[in-house]
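Colleague: Handing over model.pdb, PDB, C-alpha atoms.
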```pdb
MODEL        1
ATOM      1  CA  GLN A   1      77.512  76.238  78.442
ATOM      2  CA  LYS A   2      76.794  79.876  79.377
ATOM      3  CA  PHE A   3      76.835  80.581  83.108
ATOM      4  CA  SER A   4      73.778  82.205  84.679
ATOM      5  CA  LEU A   5      73.364  83.599  88.185
ATOM      6  CA  THR A   6      69.569  83.261  88.096
ATOM      7  CA  PRO A   7      69.273  79.661  89.403
ATOM      8  CA  TYR A   8      71.273  80.600  92.515
ATOM      9  CA  LEU A   9      69.367  83.729  93.497
ATOM     10  CA  SER A  10      66.209  82.058  94.830
ATOM     11  CA  ALA A  11      68.351  80.004  97.227
ATOM     12  CA  VAL A  12      70.058  83.181  98.493
ATOM     13  CA  GLU A  13      66.709  84.927  98.937
ATOM     14  CA  LYS A  14      65.265  81.914 100.778
ATOM     15  CA  GLU A  15      68.274  81.691 103.122
ATOM     16  CA  LEU A  16      68.064  85.406 103.969
ATOM     17  CA  ALA A  17      64.332  85.080 104.627
ATOM     18  CA  ALA A  18      65.074  82.332 107.153
ATOM     19  CA  TYR A  19      66.878  84.991 109.224
ATOM     20  CA  GLY A  20      64.087  87.537 108.832
ATOM     21  CA  PHE A  21      65.579  89.572 105.998
ATOM     22  CA  GLN A  22      62.986  90.489 103.361
ATOM     23  CA  THR A  23      64.857  91.228 100.157
ATOM     24  CA  THR A  24      64.502  91.461  96.419
ATOM     25  CA  ILE A  25      67.205  90.136  94.103
ATOM     26  CA  GLY A  26      67.693  90.827  90.438
ATOM     27  CA  VAL A  27      70.305  90.145  87.769
ATOM     28  CA  VAL A  28      71.973  93.178  86.183
ATOM     29  CA  ASP A  29      71.111  93.444  82.486
ATOM     30  CA  LYS A  30      74.259  94.922  80.973
ATOM     31  CA  LYS A  31      74.300  96.762  77.678
ATOM     32  CA  THR A  32      77.906  95.738  77.137
ATOM     33  CA  LYS A  33      78.479  92.029  77.691
ATOM     34  CA  THR A  34      81.558  91.042  79.717
ATOM     35  CA  GLU A  35      82.803  87.965  81.562
ATOM     36  CA  ILE A  36      81.382  89.386  84.825
ATOM     37  CA  GLU A  37      77.841  88.328  85.773
ATOM     38  CA  SER A  38      76.229  90.648  88.338
ATOM     39  CA  ALA A  39      73.186  90.759  90.593
ATOM     40  CA  PHE A  40      71.946  92.990  93.427
ATOM     41  CA  ILE A  41      70.269  92.149  96.723
ATOM     42  CA  LYS A  42      68.095  95.090  97.812
ATOM     43  CA  ALA A  43      66.419  95.737 101.168
ATOM     44  CA  ASN A  44      65.206  98.565 103.401
ATOM     45  CA  THR A  45      68.299  99.693 105.320
ATOM     46  CA  ARG A  46      66.666 100.912 108.566
ATOM     47  CA  ILE A  47      64.422  97.868 108.946
ATOM     48  CA  HIS A  48      67.360  95.512 108.679
ATOM     49  CA  LEU A  49      69.597  97.572 110.946
ATOM     50  CA  LEU A  50      66.815  97.162 113.506
ATOM     51  CA  LYS A  51      66.742  93.401 112.942
ATOM     52  CA  ILE A  52      70.474  93.084 113.627
ATOM     53  CA  GLU A  53      70.268  95.519 116.583
ATOM     54  CA  ALA A  54      72.522  98.096 114.920
ATOM     55  CA  LEU A  55      69.975 100.885 114.555
ATOM     56  CA  LYS A  56      71.349 102.962 117.460
ATOM     57  CA  LYS A  57      74.826 102.996 115.940
ATOM     58  CA  TYR A  58      74.014 103.408 112.242
ATOM     59  CA  GLY A  59      70.355 104.404 112.082
ATOM     60  CA  PRO A  60      70.659 108.188 112.637
ATOM     61  CA  THR A  61      72.702 108.580 109.461
ATOM     62  CA  ASN A  62      70.262 106.615 107.290
ATOM     63  CA  HIS A  63      67.044 107.961 105.790
ATOM     64  CA  LYS A  64      64.015 105.832 106.628
ATOM     65  CA  ASP A  65      63.529 104.983 102.937
ATOM     66  CA  SER A  66      67.207 104.352 102.152
ATOM     67  CA  LYS A  67      68.001 101.058 100.499
ATOM     68  CA  LEU A  68      70.709  98.584 101.394
ATOM     69  CA  GLN A  69      72.272  97.048  98.282
ATOM     70  CA  ILE A  70      74.729  94.153  98.122
ATOM     71  CA  LYS A  71      76.294  93.358  94.778
ATOM     72  CA  PHE A  72      77.104  89.833  93.635
ATOM     73  CA  GLU A  73      79.689  89.407  90.898
ATOM     74  CA  VAL A  74      80.860  86.178  89.281
ATOM     75  CA  ASP A  75      83.833  86.122  86.919
ATOM     76  CA  THR A  76      82.928  83.474  84.366
ATOM     77  CA  ASP A  77      86.401  83.419  82.811
ATOM     78  CA  PRO A  78      88.930  84.082  85.599
ATOM     79  CA  ALA A  79      92.689  83.788  85.554
ATOM     80  CA  ILE A  80      93.199  80.421  87.225
ATOM     81  CA  SER A  81      96.559  80.861  88.937
ATOM     82  CA  PHE A  82      95.068  82.277  92.146
ATOM     83  CA  GLN A  83      95.656  80.720  95.576
ATOM     84  CA  SER A  84      92.820  80.369  98.080
ATOM     85  CA  GLU A  85      92.342  79.571 101.737
ATOM     86  CA  THR A  86      89.448  78.609 104.003
ATOM     87  CA  GLN A  87      88.273  81.014 106.685
ATOM     88  CA  TYR A  88      85.631  80.352 109.344
ATOM     89  CA  LEU A  89      82.904  82.692 110.549
ATOM     90  CA  LEU A  90      80.892  82.071 113.720
ATOM     91  CA  SER A  91      77.869  84.332 113.219
ATOM     92  CA  PRO A  92      74.967  83.956 112.583
ATOM     93  CA  ILE A  93      76.023  80.284 112.496
ATOM     94  CA  SER A  94      79.429  78.640 112.178
ATOM     95  CA  PHE A  95      80.351  78.202 108.529
ATOM     96  CA  PRO A  96      83.420  78.143 106.248
ATOM     97  CA  ILE A  97      84.120  80.481 103.353
ATOM     98  CA  ILE A  98      86.778  80.124 100.680
ATOM     99  CA  SER A  99      88.617  83.319  99.814
ATOM    100  CA  LEU A 100      91.685  84.369  97.880
ATOM    101  CA  LYS A 101      94.826  84.810  99.936
ATOM    102  CA  LYS A 102      95.743  88.432 100.636
ATOM    103  CA  PRO A 103      98.653  88.574  98.108
ATOM    104  CA  ASP A 104      96.200  87.458  95.410
ATOM    105  CA  LEU A 105      93.555  89.947  96.560
ATOM    106  CA  PHE A 106      96.232  92.638  96.358
ATOM    107  CA  ALA A 107      97.053  91.466  92.836
ATOM    108  CA  GLY A 108      93.399  91.887  91.876
ATOM    109  CA  LYS A 109      93.355  95.386  93.342
ATOM    110  CA  LEU A 110      96.527  96.325  91.458
ATOM    111  CA  HIS A 111      94.959  95.043  88.240
ATOM    112  CA  ALA A 112      92.035  97.425  88.811
ATOM    113  CA  LEU A 113      94.326 100.311  89.758
ATOM    114  CA  LEU A 114      96.530  99.821  86.688
ATOM    115  CA  TYR A 115      93.917  99.027  84.050
ATOM    116  CA  ARG A 116      90.447 100.123  85.162
ATOM    117  CA  SER A 117      88.826 102.476  82.656
ATOM    118  CA  TRP A 118      87.971 105.520  84.772
ATOM    119  CA  LYS A 119      86.652 107.731  81.970
ATOM    120  CA  ASN A 120      85.888 111.047  83.707
ATOM    121  CA  ARG A 121      85.773 109.738  87.277
ATOM    122  CA  VAL A 122      88.843 108.343  88.998
ATOM    123  CA  LYS A 123      87.950 105.520  91.387
ATOM    124  CA  GLY A 124      89.403 106.800  94.640
ATOM    125  CA  ARG A 125      88.712 103.474  96.364
ATOM    126  CA  ASP A 126      91.413 101.829  94.234
ATOM    127  CA  PHE A 127      93.997 104.165  95.769
ATOM    128  CA  TYR A 128      92.548 103.895  99.283
ATOM    129  CA  ASP A 129      92.793 100.100  99.094
ATOM    130  CA  TYR A 130      96.316 100.342  97.685
ATOM    131  CA  VAL A 131      97.387 102.336 100.742
ATOM    132  CA  TRP A 132      95.647  99.795 103.024
ATOM    133  CA  TYR A 133      97.568  96.841 101.564
ATOM    134  CA  LEU A 134     100.882  98.662 101.883
ATOM    135  CA  LYS A 135     100.089  99.824 105.422
ATOM    136  CA  ASN A 136      99.399  96.217 106.383
ATOM    137  CA  SER A 137     102.624  94.951 104.733
ATOM    138  CA  VAL A 138     100.792  92.647 102.310
ATOM    139  CA  PRO A 139     102.993  91.543  99.383
ATOM    140  CA  VAL A 140     101.514  91.129  95.911
ATOM    141  CA  ARG A 141     101.655  87.787  94.125
ATOM    142  CA  LEU A 142     103.121  88.911  90.840
ATOM    143  CA  GLU A 143     102.335  85.696  88.929
ATOM    144  CA  TYR A 144      98.600  86.138  89.464
ATOM    145  CA  LEU A 145      98.695  89.845  88.574
ATOM    146  CA  ARG A 146     100.595  89.082  85.359
ATOM    147  CA  ASP A 147      98.175  86.286  84.423
ATOM    148  CA  LYS A 148      95.181  88.602  84.973
ATOM    149  CA  ALA A 149      96.794  91.373  82.932
ATOM    150  CA  ILE A 150      97.602  89.012  80.056
ATOM    151  CA  GLN A 151      94.117  87.527  80.089
ATOM    152  CA  SER A 152      92.464  90.959  80.066
ATOM    153  CA  GLY A 153      94.630  92.009  77.112
ATOM    154  CA  HIS A 154      96.521  94.717  79.009
ATOM    155  CA  ALA A 155      99.932  93.032  79.120
ATOM    156  CA  LYS A 156     102.262  90.693  77.242
ATOM    157  CA  PRO A 157     104.056  87.696  78.784
ATOM    158  CA  THR A 158     107.211  89.824  78.949
ATOM    159  CA  ASP A 159     105.486  92.481  81.080
ATOM    160  CA  LEU A 160     105.342  92.576  84.887
ATOM    161  CA  LYS A 161     108.102  89.989  85.186
ATOM    162  CA  ASP A 162     109.604  91.481  88.334
ATOM    163  CA  LEU A 163     109.123  94.129  91.018
ATOM    164  CA  LYS A 164     111.009  96.750  88.994
ATOM    165  CA  GLN A 165     108.617  96.422  86.045
ATOM    166  CA  LEU A 166     105.613  96.578  88.366
ATOM    167  CA  LYS A 167     106.848  99.758  90.029
ATOM    168  CA  GLU A 168     107.483 101.327  86.619
ATOM    169  CA  ALA A 169     103.937 100.447  85.493
ATOM    170  CA  LEU A 170     102.492 101.981  88.663
ATOM    171  CA  SER A 171     104.590 105.108  88.234
ATOM    172  CA  ARG A 172     103.272 105.587  84.686
ATOM    173  CA  ARG A 173      99.707 105.142  85.917
ATOM    174  CA  PHE A 174     100.083 107.545  88.835
ATOM    175  CA  LYS A 175     101.349 110.261  86.504
ATOM    176  CA  THR A 176      98.004 110.190  84.668
ATOM    177  CA  VAL A 177      95.881 110.617  87.802
ATOM    178  CA  ASP A 178      94.152 113.731  89.136
ATOM    179  CA  PHE A 179      94.495 112.972  92.842
ATOM    180  CA  GLU A 180      92.120 115.764  93.862
ATOM    181  CA  ASN A 181      89.401 113.943  91.906
ATOM    182  CA  ALA A 182      90.440 110.663  93.488
ATOM    183  CA  LYS A 183      90.082 112.194  96.963
ATOM    184  CA  ARG A 184      86.651 113.643  96.167
ATOM    185  CA  ASP A 185      85.474 110.261  94.915
ATOM    186  CA  VAL A 186      86.373 108.339  98.071
ATOM    187  CA  ALA A 187      85.857 111.104 100.675
ATOM    188  CA  PRO A 188      82.152 110.318 101.416
ATOM    189  CA  PHE A 189      83.185 106.828 102.570
ATOM    190  CA  VAL A 190      86.151 107.823 104.755
ATOM    191  CA  LYS A 191      85.408 108.680 108.395
ATOM    192  CA  ASN A 192      88.743 110.389 109.086
ATOM    193  CA  GLN A 193      89.213 112.812 106.208
ATOM    194  CA  SER A 194      92.783 113.596 107.282
ATOM    195  CA  GLU A 195      93.747 110.170 105.897
ATOM    196  CA  LEU A 196      93.485 111.731 102.447
ATOM    197  CA  ASP A 197      95.504 114.899 103.115
ATOM    198  CA  ALA A 198      98.791 113.408 101.926
ATOM    199  CA  TRP A 199      97.420 112.074  98.638
ATOM    200  CA  SER A 200      99.486 113.412  95.751
ATOM    201  CA  LEU A 201     101.669 112.116  92.955
ATOM    202  CA  ASP A 202     104.744 112.343  95.163
ATOM    203  CA  PHE A 203     103.008 110.460  97.996
ATOM    204  CA  PHE A 204     102.051 107.493  95.809
ATOM    205  CA  LEU A 205     105.434 107.360  94.109
ATOM    206  CA  LYS A 206     107.196 107.321  97.477
ATOM    207  CA  ILE A 207     105.000 104.711  99.195
ATOM    208  CA  THR A 208     105.377 102.418  96.187
ATOM    209  CA  GLU A 209     108.942 101.874  97.348
ATOM    210  CA  MET A 210     107.363  99.836 100.172
ATOM    211  CA  LEU A 211     105.831  97.398  97.672
ATOM    212  CA  SER A 212     107.015  93.782  97.798
ATOM    213  CA  VAL A 213     106.177  90.665  95.809
ATOM    214  CA  VAL A 214     105.936  86.917  96.353
TER     215      VAL A 214
ENDMDL
END
```
Represent the structure contained in this file as structure tokens.

Modeller:
Amino acid sequence: QKFSLTPYLSAVEKELAAYGFQTTIGVVDKKTKTEIESAFIKANTRIHLLKIEALKKYGPTNHKDSKLQIKFEVDTDPAISFQSETQYLLSPISFPIISLKKPDLFAGKLHALLYRSWKNRVKGRDFYDYVWYLKNSVPVRLEYLRDKAIQSGHAKPTDLKDLKQLKEALSRRFKTVDFENAKRDVAPFVKNQSELDAWSLDFFLKITEMLSVV
């Protein structure tokens, strides 16, 4: 049976309304069908910053008619070898959420970095996140990365078998990247622009030596 996000959206909208957030939600109608189902929650940014008492901090940088958008994505055919854990949040009420463990999240990011189709625009956020995981000494769970790559048709079972093969794959990818474009793509979202000064082929090749696997 085909999965649909639509039956879940009214419940999300109703729950947000209970906290005073007036939103509109709609499913993304894709021209090219994939295993990813998407939807957007849209709301007036300044009004909702006011509701959560964050207008003084964030309001001056937001136009009065700017729109806050949150994207939902559901993978209807995921690689199933991931590992998850339960986290607890206390606000606005106490509730649990189930998330992938960090080594599996890193594996998902590496899958995007290695195989995302950038066309004419390199996704700088992939490289920014890559640096973040390394800076925080997060290992990558190689089994999950390999399973995702096989499922997406980008790898064979003999690929990505060990850390050496992973580093070689990353090296090949880095050598195709225009890092000036990558910096321009992510720069509007980075508060401290000096974080990007070191970005170059040599930088990414060298920091990849810090990569570890589990």

Colleague: For the structure shown, which residues end up in the PyMOL selection byres ((chain A and resi 114) around 9)? Put them as a ChimeraX atom specification, please?

Modeller: /A:109-113,115-116,169-170,173-174

Colleague: The selected residues should be written to file as a compact mmCIF listing (two decimals), in the frame of the given file (atoms: C-alpha atoms).

Modeller:
```txt
# COMPACT_ATOMS: atom_id res chain seq x y z
CA LYS A 109 93.36 95.39 93.34
CA LEU A 110 96.53 96.32 91.46
CA HIS A 111 94.96 95.04 88.24
CA ALA A 112 92.04 97.42 88.81
CA LEU A 113 94.33 100.31 89.76
CA TYR A 115 93.92 99.03 84.05
CA ARG A 116 90.45 100.12 85.16
CA ALA A 169 103.94 100.45 85.49
CA LEU A 170 102.49 101.98 88.66
CA ARG A 173 99.71 105.14 85.92
CA PHE A 174 100.08 107.54 88.84
```

Colleague: Carefully work through the PyMOL selection byres ((chain A and resi 148) around 9) for this structure and note down the residues it includes, as a compact mmCIF listing (two decimals) with C-alpha atoms, keeping the file's coordinate frame.

Modeller:
```txt
# COMPACT_ATOMS: atom_id res chain seq x y z
CA PRO A 78 88.93 84.08 85.60
CA ALA A 79 92.69 83.79 85.55
CA ILE A 80 93.20 80.42 87.22
CA SER A 81 96.56 80.86 88.94
CA ALA A 107 97.05 91.47 92.84
CA GLY A 108 93.40 91.89 91.88
CA HIS A 111 94.96 95.04 88.24
CA GLU A 143 102.34 85.70 88.93
CA TYR A 144 98.60 86.14 89.46
CA LEU A 145 98.70 89.84 88.57
CA ARG A 146 100.60 89.08 85.36
CA ASP A 147 98.18 86.29 84.42
CA ALA A 149 96.79 91.37 82.93
CA ILE A 150 97.60 89.01 80.06
CA GLN A 151 94.12 87.53 80.09
CA SER A 152 92.46 90.96 80.07
CA GLY A 153 94.63 92.01 77.11
CA HIS A 154 96.52 94.72 79.01
CA ALA A 155 99.93 93.03 79.12
```

Colleague: Of the candidates A:Thr23, A:Gln165, A:Ser4, A:Gln69, which shows the shortest atom-to-atom distance to A:Leu142, using all atoms listed in the file?

Modeller: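 Closest to A:Leu142 of all the choices is A:Gln165.
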
Colleague: Exactly which residues make up the result of the PyMOL selection byres ((chain A and resi 136) around 12) on this file, given as a PyMOL selection string?

Modeller: chain A and resi 102-103+106+129-135+137-140+210-212

Colleague: For atom CA of A:Thr6 and atom CA of A:Phe40, determine how far apart the two atoms are, in Å to one decimal place.

Modeller: 11.3 Å

Colleague: Extract, using only C-alpha atoms, all DNA, RNA and protein residues at most 9 Å from A:Ile97, discarding same-chain residues fewer than 6 positions from it, and format them as a PyMOL selection string.

Modeller: chain A and resi 85-89

Colleague: For A:Ala18, which residue among A:Val214, A:Lys191, A:Lys183, A:Pro92 is the nearest when counting only C-alpha atoms?

Modeller: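 Among A:Val214, A:Lys191, A:Lys183, A:Pro92, it is A:Pro92 that comes nearest to A:Ala18.
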
Colleague: Within 8 Å of (73.0, 90.5, 84.7) (coordinates as in the file), grab all the protein and nucleic acid residues, counting all atoms listed in the file, and write them out as a ChimeraX atom specification.

Modeller: /A:5,26-30,37-39

Colleague: Taking all atoms listed in the file into account, which of A:Thr208, A:Ser91, A:Val190, A:Phe203 comes nearest A:Tyr19?

Modeller: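 For A:Tyr19, the nearest of the candidates is A:Ser91.
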
Colleague: Could you check how far atom CA of A:Glu168 sits from atom CA of A:Asn120, in Å to one decimal?

Modeller: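 Going from atom CA of A:Glu168 over to atom CA of A:Asn120 covers 23.9 Å.
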
Colleague: Quick one: stretch 152-201 of chain A from the block, C-alpha atoms, as a PDB file, in the first residue's frame.

Modeller:
```pdb
ATOM      1  CA  SER A 152      20.364   3.840  -3.674  1.00  0.00           C
ATOM      2  CA  GLY A 153      22.298   2.115  -6.468  1.00  0.00           C
ATOM      3  CA  HIS A 154      25.549   4.006  -5.862  1.00  0.00           C
ATOM      4  CA  ALA A 155      27.630   1.113  -4.528  1.00  0.00           C
ATOM      5  CA  LYS A 156      28.167  -2.640  -4.752  1.00  0.00           C
ATOM      6  CA  PRO A 157      28.425  -4.992  -1.756  1.00  0.00           C
ATOM      7  CA  THR A 158      32.206  -4.973  -2.220  1.00  0.00           C
ATOM      8  CA  ASP A 159      32.381  -1.177  -1.849  1.00  0.00           C
ATOM      9  CA  LEU A 160      32.871   0.752   1.400  1.00  0.00           C
ATOM     10  CA  LYS A 161      33.973  -2.376   3.243  1.00  0.00           C
ATOM     11  CA  ASP A 162      36.467  -0.579   5.466  1.00  0.00           C
ATOM     12  CA  LEU A 163      37.782   2.840   6.481  1.00  0.00           C
ATOM     13  CA  LYS A 164      40.403   2.830   3.714  1.00  0.00           C
ATOM     14  CA  GLN A 165      37.761   2.420   0.997  1.00  0.00           C
ATOM     15  CA  LEU A 166      35.622   5.143   2.560  1.00  0.00           C
ATOM     16  CA  LYS A 167      38.513   7.599   2.652  1.00  0.00           C
ATOM     17  CA  GLU A 168      39.335   6.811  -0.980  1.00  0.00           C
ATOM     18  CA  ALA A 169      35.703   7.441  -1.995  1.00  0.00           C
ATOM     19  CA  LEU A 170      35.709  10.771  -0.151  1.00  0.00           C
ATOM     20  CA  SER A 171      39.001  11.769  -1.743  1.00  0.00           C
ATOM     21  CA  ARG A 172      37.590  11.116  -5.228  1.00  0.00           C
ATOM     22  CA  ARG A 173      34.510  13.178  -4.401  1.00  0.00           C
ATOM     23  CA  PHE A 174      36.467  16.095  -2.955  1.00  0.00           C
ATOM     24  CA  LYS A 175      38.561  16.324  -6.114  1.00  0.00           C
ATOM     25  CA  THR A 176      35.400  17.104  -8.106  1.00  0.00           C
ATOM     26  CA  VAL A 177      34.268  19.960  -5.853  1.00  0.00           C
ATOM     27  CA  ASP A 178      34.551  23.714  -6.394  1.00  0.00           C
ATOM     28  CA  PHE A 179      35.013  24.732  -2.764  1.00  0.00           C
ATOM     29  CA  GLU A 180      34.536  28.432  -3.507  1.00  0.00           C
ATOM     30  CA  ASN A 181      31.016  27.574  -4.692  1.00  0.00           C
ATOM     31  CA  ALA A 182      30.495  25.418  -1.622  1.00  0.00           C
ATOM     32  CA  LYS A 183      31.471  28.338   0.628  1.00  0.00           C
ATOM     33  CA  ARG A 184      29.153  30.750  -1.192  1.00  0.00           C
ATOM     34  CA  ASP A 185      26.270  28.312  -0.824  1.00  0.00           C
ATOM     35  CA  VAL A 186      26.542  27.949   2.952  1.00  0.00           C
ATOM     36  CA  ALA A 187      27.872  31.433   3.837  1.00  0.00           C
ATOM     37  CA  PRO A 188      24.429  33.089   4.382  1.00  0.00           C
ATOM     38  CA  PHE A 189      23.733  30.583   7.178  1.00  0.00           C
ATOM     39  CA  VAL A 190      27.085  30.827   8.986  1.00  0.00           C
ATOM     40  CA  LYS A 191      27.421  33.533  11.651  1.00  0.00           C
ATOM     41  CA  ASN A 192      31.223  33.404  11.867  1.00  0.00           C
ATOM     42  CA  GLN A 193      32.410  33.568   8.269  1.00  0.00           C
ATOM     43  CA  SER A 194      36.006  32.831   9.288  1.00  0.00           C
ATOM     44  CA  GLU A 195      34.907  29.215   9.836  1.00  0.00           C
ATOM     45  CA  LEU A 196      34.954  28.855   6.057  1.00  0.00           C
ATOM     46  CA  ASP A 197      38.361  30.439   5.391  1.00  0.00           C
ATOM     47  CA  ALA A 198      40.241  27.138   5.484  1.00  0.00           C
ATOM     48  CA  TRP A 199      37.917  25.323   3.082  1.00  0.00           C
ATOM     49  CA  SER A 200      39.921  23.889   0.197  1.00  0.00           C
ATOM     50  CA  LEU A 201      40.719  20.533  -1.341  1.00  0.00           C
TER      51      LEU A 201
END
```
